[in-house]
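Pasted below: my_file-v9.cif, mmCIF, C-alpha atoms.
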data_my_file
loop_
_atom_site.label_atom_id
_atom_site.label_comp_id
_atom_site.auth_asym_id
_atom_site.auth_seq_id
_atom_site.Cartn_x
_atom_site.Cartn_y
_atom_site.Cartn_z
CA ALA A 1 69.82 59.50 -42.39
CA GLN A 2 71.31 59.46 -45.85
CA SER A 3 71.71 62.82 -47.54
CA VAL A 4 73.33 64.42 -50.52
CA THR A 5 74.53 68.00 -50.42
CA GLN A 6 75.33 70.21 -53.36
CA PRO A 7 76.44 73.41 -51.65
CA ASP A 8 76.43 75.58 -54.78
CA ILE A 9 72.95 76.46 -55.98
CA HIS A 10 74.19 78.40 -58.96
CA ILE A 11 77.57 78.76 -60.67
CA THR A 12 78.60 81.04 -63.51
CA VAL A 13 81.73 80.36 -65.54
CA SER A 14 83.20 81.74 -68.72
CA GLU A 15 83.36 79.57 -71.78
CA GLY A 16 86.71 77.80 -71.88
CA ALA A 17 87.24 78.05 -68.14
CA SER A 18 87.51 75.03 -65.88
CA LEU A 19 84.57 73.83 -63.80
CA GLU A 20 84.17 72.02 -60.51
CA LEU A 21 80.79 71.17 -59.00
CA ARG A 22 80.77 69.95 -55.44
CA CYS A 23 78.89 67.03 -53.95
CA ASN A 24 79.03 65.60 -50.45
CA TYR A 25 77.11 62.64 -49.12
CA SER A 26 76.30 61.24 -45.75
CA TYR A 27 76.28 57.48 -45.41
CA GLY A 28 78.03 54.82 -43.38
CA ALA A 29 79.42 52.82 -46.26
CA THR A 30 80.60 53.64 -49.75
CA PRO A 31 77.50 54.10 -51.85
CA TYR A 32 77.08 54.12 -55.57
CA LEU A 33 77.68 57.66 -56.84
CA PHE A 34 76.32 59.35 -59.92
CA TRP A 35 76.21 62.68 -61.70
CA TYR A 36 73.29 63.58 -63.94
CA VAL A 37 72.65 66.61 -66.14
CA GLN A 38 69.26 68.07 -66.99
CA SER A 39 68.57 70.53 -69.79
CA PRO A 40 65.44 72.68 -69.53
CA GLY A 41 62.26 70.69 -70.03
CA GLN A 42 64.13 67.43 -70.33
CA GLY A 43 64.79 64.37 -68.25
CA LEU A 44 68.08 63.58 -66.59
CA GLN A 45 71.04 62.23 -68.51
CA LEU A 46 73.68 60.13 -66.78
CA LEU A 47 77.14 61.73 -67.03
CA LEU A 48 79.16 59.23 -65.03
CA LYS A 49 79.03 56.79 -62.14
CA TYR A 50 81.30 55.32 -59.49
CA PHE A 51 80.88 51.90 -57.95
CA SER A 52 84.37 50.87 -56.86
CA GLY A 53 87.97 50.78 -58.00
CA ASP A 54 89.74 53.77 -59.51
CA THR A 55 88.52 56.85 -57.70
CA LEU A 56 88.78 59.05 -60.78
CA VAL A 57 86.04 58.23 -63.24
CA GLN A 58 85.55 59.51 -66.75
CA GLY A 59 82.18 60.28 -68.18
CA ILE A 60 80.55 61.60 -71.28
CA LYS A 61 80.96 65.11 -72.71
CA GLY A 62 84.46 65.45 -71.27
CA PHE A 63 83.38 65.31 -67.62
CA GLU A 64 85.20 63.50 -64.85
CA ALA A 65 84.61 63.05 -61.14
CA GLU A 66 86.78 62.05 -58.22
CA PHE A 67 85.62 60.05 -55.24
CA LYS A 68 87.31 61.03 -51.99
CA ARG A 69 86.31 58.69 -49.20
CA SER A 70 87.95 60.77 -46.46
CA GLN A 71 85.88 63.80 -47.46
CA SER A 72 82.71 61.91 -48.44
CA SER A 73 82.83 63.85 -51.66
CA PHE A 74 82.29 63.16 -55.33
CA ASN A 75 83.07 66.39 -57.17
CA LEU A 76 82.45 66.82 -60.88
CA ARG A 77 85.04 68.53 -63.06
CA LYS A 78 85.56 69.65 -66.61
CA PRO A 79 88.77 71.30 -67.82
CA SER A 80 87.17 73.55 -70.42
CA VAL A 81 83.47 74.43 -70.37
CA HIS A 82 81.43 74.84 -73.53
CA TRP A 83 78.32 76.99 -73.89
CA SER A 84 76.28 73.81 -74.40
CA ASP A 85 77.18 72.68 -70.88
CA ALA A 86 74.77 75.21 -69.40
CA ALA A 87 72.22 73.08 -67.54
CA GLU A 88 71.24 71.78 -64.12
CA TYR A 89 73.57 69.19 -62.58
CA PHE A 90 72.49 66.66 -59.99
CA CYS A 91 74.60 64.45 -57.79
CA ALA A 92 72.94 61.21 -56.71
CA VAL A 93 73.70 58.48 -54.23
CA GLY A 94 72.37 54.97 -54.66
CA TYR A 95 72.05 52.09 -52.28
CA THR A 96 70.93 48.52 -52.47
CA GLY A 97 67.53 47.98 -53.94
CA ASN A 98 67.89 50.76 -56.47
CA GLN A 99 66.85 53.53 -54.10
CA PHE A 100 68.42 56.84 -54.96
CA TYR A 101 68.85 60.15 -53.19
CA PHE A 102 69.43 63.26 -55.25
CA GLY A 103 71.05 66.52 -54.30
CA THR A 104 69.15 69.75 -54.86
CA GLY A 105 71.11 70.50 -58.00
CA THR A 106 73.55 73.12 -59.22
CA SER A 107 72.53 75.41 -62.04
CA LEU A 108 75.38 76.22 -64.40
CA THR A 109 75.45 79.36 -66.52
CA VAL A 110 78.16 79.73 -69.17
CA ILE A 111 79.01 83.21 -70.36
CA PRO A 112 80.76 83.83 -73.67
CA LYS B 1 67.86 51.02 -78.70
CA ALA B 2 64.84 53.04 -77.66
CA GLY B 3 65.06 55.03 -74.45
CA VAL B 4 62.55 55.46 -71.68
CA THR B 5 59.25 56.70 -73.07
CA GLN B 6 56.80 58.68 -71.02
CA THR B 7 53.33 59.63 -72.12
CA PRO B 8 51.78 62.09 -72.25
CA ARG B 9 54.42 64.86 -72.27
CA TYR B 10 52.03 67.49 -70.99
CA LEU B 11 48.81 67.27 -69.03
CA ILE B 12 46.42 69.81 -67.54
CA LYS B 13 43.95 68.61 -64.95
CA THR B 14 41.49 70.18 -62.54
CA ARG B 15 41.67 69.88 -58.77
CA GLY B 16 39.90 66.76 -57.56
CA GLN B 17 40.41 64.81 -60.76
CA GLN B 18 42.66 61.82 -61.10
CA VAL B 19 45.43 61.21 -63.60
CA THR B 20 47.38 58.25 -64.95
CA LEU B 21 50.88 58.59 -66.34
CA SER B 22 52.59 55.93 -68.39
CA CYS B 23 56.20 54.82 -68.67
CA SER B 24 57.78 52.32 -71.03
CA PRO B 25 61.28 51.35 -69.88
CA ILE B 26 64.26 50.39 -71.97
CA SER B 27 63.85 46.91 -73.36
CA GLY B 28 65.21 44.39 -70.87
CA HIS B 29 65.07 46.74 -67.90
CA ARG B 30 63.02 45.30 -65.08
CA SER B 31 63.14 48.17 -62.60
CA VAL B 32 61.07 51.31 -63.01
CA SER B 33 61.19 54.21 -60.61
CA TRP B 34 59.14 57.38 -60.42
CA TYR B 35 60.23 60.79 -59.22
CA GLN B 36 58.44 64.07 -58.70
CA GLN B 37 60.42 67.20 -59.53
CA THR B 38 59.34 70.64 -58.36
CA PRO B 39 61.30 73.89 -58.04
CA GLY B 40 60.81 73.96 -54.29
CA GLN B 41 61.37 70.32 -53.35
CA GLY B 42 63.73 69.14 -56.07
CA LEU B 43 63.71 65.48 -57.04
CA GLN B 44 61.69 63.35 -54.69
CA PHE B 45 61.46 59.59 -54.92
CA LEU B 46 57.94 58.23 -55.27
CA PHE B 47 58.36 54.48 -55.68
CA GLU B 48 60.22 51.75 -57.47
CA TYR B 49 58.86 48.63 -59.09
CA PHE B 50 60.78 45.52 -59.95
CA SER B 51 59.20 42.52 -61.64
CA GLU B 52 55.68 43.83 -60.99
CA THR B 53 56.32 44.32 -57.25
CA GLN B 54 56.78 47.58 -55.42
CA ARG B 55 60.25 47.32 -53.95
CA ASN B 56 60.71 50.79 -52.47
CA LYS B 57 58.39 53.61 -51.59
CA GLY B 58 59.02 57.24 -50.83
CA ASN B 59 57.20 59.48 -48.43
CA PHE B 60 54.12 60.43 -50.43
CA PRO B 61 50.45 60.16 -49.49
CA GLY B 62 48.34 57.23 -50.57
CA ARG B 63 46.85 59.32 -53.38
CA PHE B 64 49.98 58.44 -55.29
CA SER B 65 50.05 54.87 -56.50
CA GLY B 66 51.65 52.85 -59.21
CA ARG B 67 51.87 49.50 -60.81
CA GLN B 68 54.05 47.56 -63.17
CA PHE B 69 52.93 45.14 -65.82
CA SER B 70 54.50 41.89 -66.92
CA ASN B 71 56.22 43.66 -69.83
CA SER B 72 57.83 46.06 -67.29
CA ARG B 73 55.76 49.02 -68.45
CA SER B 74 54.61 51.07 -65.50
CA GLU B 75 51.79 53.44 -64.71
CA MET B 76 51.52 56.01 -61.98
CA ASN B 77 48.18 57.25 -60.72
CA VAL B 78 47.39 60.31 -58.68
CA SER B 79 43.88 60.61 -57.31
CA THR B 80 42.08 63.67 -55.95
CA LEU B 81 44.57 66.05 -57.50
CA GLU B 82 45.74 69.08 -55.55
CA LEU B 83 47.37 72.26 -56.84
CA GLY B 84 50.60 71.16 -55.18
CA ASP B 85 50.75 68.07 -57.36
CA SER B 86 51.77 70.25 -60.30
CA ALA B 87 55.23 69.01 -61.18
CA LEU B 88 57.43 67.24 -63.68
CA TYR B 89 57.03 63.51 -63.13
CA LEU B 90 60.05 61.54 -64.20
CA CYS B 91 60.23 57.85 -64.83
CA ALA B 92 63.54 56.01 -64.85
CA SER B 93 64.48 52.47 -65.65
CA SER B 94 67.42 50.25 -64.86
CA PRO B 95 68.29 46.58 -65.26
CA GLY B 96 67.32 46.21 -61.61
CA THR B 97 69.68 43.54 -60.47
CA GLU B 98 72.48 45.92 -59.53
CA ASN B 99 72.58 49.61 -58.89
CA TYR B 100 73.75 50.59 -62.34
CA GLY B 101 72.05 53.94 -62.32
CA TYR B 102 68.92 55.08 -63.98
CA THR B 103 68.06 56.03 -67.50
CA PHE B 104 65.46 58.75 -67.31
CA GLY B 105 62.59 59.60 -69.60
CA SER B 106 61.81 63.18 -70.60
CA GLY B 107 59.02 63.38 -68.09
CA THR B 108 55.36 64.30 -67.97
CA ARG B 109 54.61 67.90 -67.06
CA LEU B 110 51.42 67.88 -64.97
CA THR B 111 49.63 71.14 -64.28
CA VAL B 112 46.73 71.14 -61.84
CA VAL B 113 44.39 74.14 -62.09
#
Can you give me the file's structure in the form of structure tokens?
Amino acid sequence: AQSVTQPDIHITVSEGASLELRCNYSYGATPYLFWYVQSPGQGLQLLLKYFSGDTLVQGIKGFEAEFKRSQSSFNLRKPSVHWSDAAEYFCAVGYTGNQFYFGTGTSLTVIP
Amino acid sequence: KAGVTQTPRYLIKTRGQQVTLSCSPISGHRSVSWYQQTPGQGLQFLFEYFSETQRNKGNFPGRFSGRQFSNSRSEMNVSTLELGDSALYLCASSPGTENYGYTFGSGTRLTVV
């Protein structure tokens, strides 16, 4: 069965430090891969997506993610975190027919 | 252009009642999906509609139903509400023809008392 794993439930980083959020998926073929961010009480905002081609994708707010087929991973990175990046981050995997599977999320706290 | 609009934003209902939530997708988007988000279960897929037809369905009881109108607007209905139905219900739209990813609305916070 398809699954998405975000092994880190909660991460705390200092403002200005680098960030990496992990995501692993289980699927036979290369799926569509997404990262979303959710601020408290809000819906989810799409940060970036990967369909094919260059395995390093750039997104909004200075985020990037790298698809590694051999590791079935799609980790999200940011070189320098801002206090406004504190939120919940979700990795998602999509398949044909617009059906998505979401990870359980990683909560990011940014300390000054 | 306008985003995905969900109404109402907040709702309080009593056990046993039914509720209808509304979602207006981005103009031109033909696919609308619904998700339930709870602290314990995370984001769970309810169903997806495309051109007024249910295309995918998650693992929820029959009390949860939906429909899509010819203008792509969608409604979700929950009958015989239970305390466990308290959640943030998120609607998301996409063009529908390819898996471009969703654009989410801000959600409807349903509290069942």
Q: Might you pull out every residue within 8 Å of Gly16 of chain A, with only C-alpha atoms counted and same-chain residues fewer than 5 positions away left off, and present them as a ChimeraX atom specification?
A: /A:79-82
Q.
Please report the interatomic distance between atom CA of Glu15 of chain A and atom CA of Ala65 of chain A in Å with one decimal.
A. 19.7 Å
Q: Could you list, as a list of chain:residue names, the residues of chain A having an atom within 6 Å of chain B when counting all atoms listed in the file?
A: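 On the chain A side, the interface is A:Gln42, A:Gly43, A:Leu44, A:Asn98, A:Thr104.
The coordinates place atom CA of Thr5 of chain B at 26.2 Å from atom CA of Phe63 of chain A.
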**Q.** Neighbour list for Thr5 of chain A as a list in words, cut-off 12 Å, only C-alpha atoms, skip fewer than 2 positions in-chain
**A.**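 So the residues in contact are Gln2, Ser3, Pro7, Asp8, Ile9, Leu21, Arg22, Cys23, Asn24, Tyr25, Ser26, Tyr27, Ser72, Ser73, Phe74, Asn75, Phe90, Cys91, Ala92, Val93, Tyr101, Phe102, Gly103, Thr104, Gly105 and Thr106 of chain A.
With all atoms listed in the file as the basis for measurement, A:Gly94 is the residue among A:Glu64, A:Gly94, A:Ile111, A:Ala17 that approaches Val4 of chain A most closely.
As for atom CA of Gly16 of chain B and atom CA of Phe60 of chain B, they are spaced 17.1 Å apart.
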Residue IDs satisfying the PyMOL selection byres ((chain B and resi 28) around 9), as a PDB file with C-alpha atoms, keeping the file's coordinate frame:
ATOM      1  CA  PRO B  25      61.280  51.350 -69.880  1.00  0.00           C
ATOM      2  CA  ILE B  26      64.260  50.390 -71.970  1.00  0.00           C
ATOM      3  CA  SER B  27      63.850  46.910 -73.360  1.00  0.00           C
ATOM      4  CA  HIS B  29      65.070  46.740 -67.900  1.00  0.00           C
ATOM      5  CA  ARG B  30      63.020  45.300 -65.080  1.00  0.00           C
ATOM      6  CA  SER B  72      57.830  46.060 -67.290  1.00  0.00           C
ATOM      7  CA  SER B  94      67.420  50.250 -64.860  1.00  0.00           C
ATOM      8  CA  PRO B  95      68.290  46.580 -65.260  1.00  0.00           C
TER       9      PRO B  95
END
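The closest residue to Thr14 of chain B, picked from B:Gln68, B:Glu82, B:Gln36, B:Ala87 and counting only C-alpha atoms, is B:Glu82.
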Q) Which residues match the PyMOL selection byres ((chain A and resi 109) around 12) in the file above, as a count of residues only? A) 25
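Once Thr80 of chain B and its same-chain neighbours fewer than 4 positions away are set aside, Arg15, Gly16, Gln17, Gln18, Val19 and Arg63 of chain B remain within 9 Å of it when counting all atoms listed in the file.
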Q) Which residues come within 9 Å of Ser22 of chain B, counting all atoms listed in the file, excluding same-chain residues fewer than 5 positions away, as a ChimeraX atom specification? A) /B:5-8,73-77,91,108
Q: Rank A:Phe67, A:Gly62, A:Tyr36, A:Glu20 by their smallest atom-to-atom distance to Tyr50 of chain A, using all atoms listed in the file, and report the top residue only.
A: A:Phe67
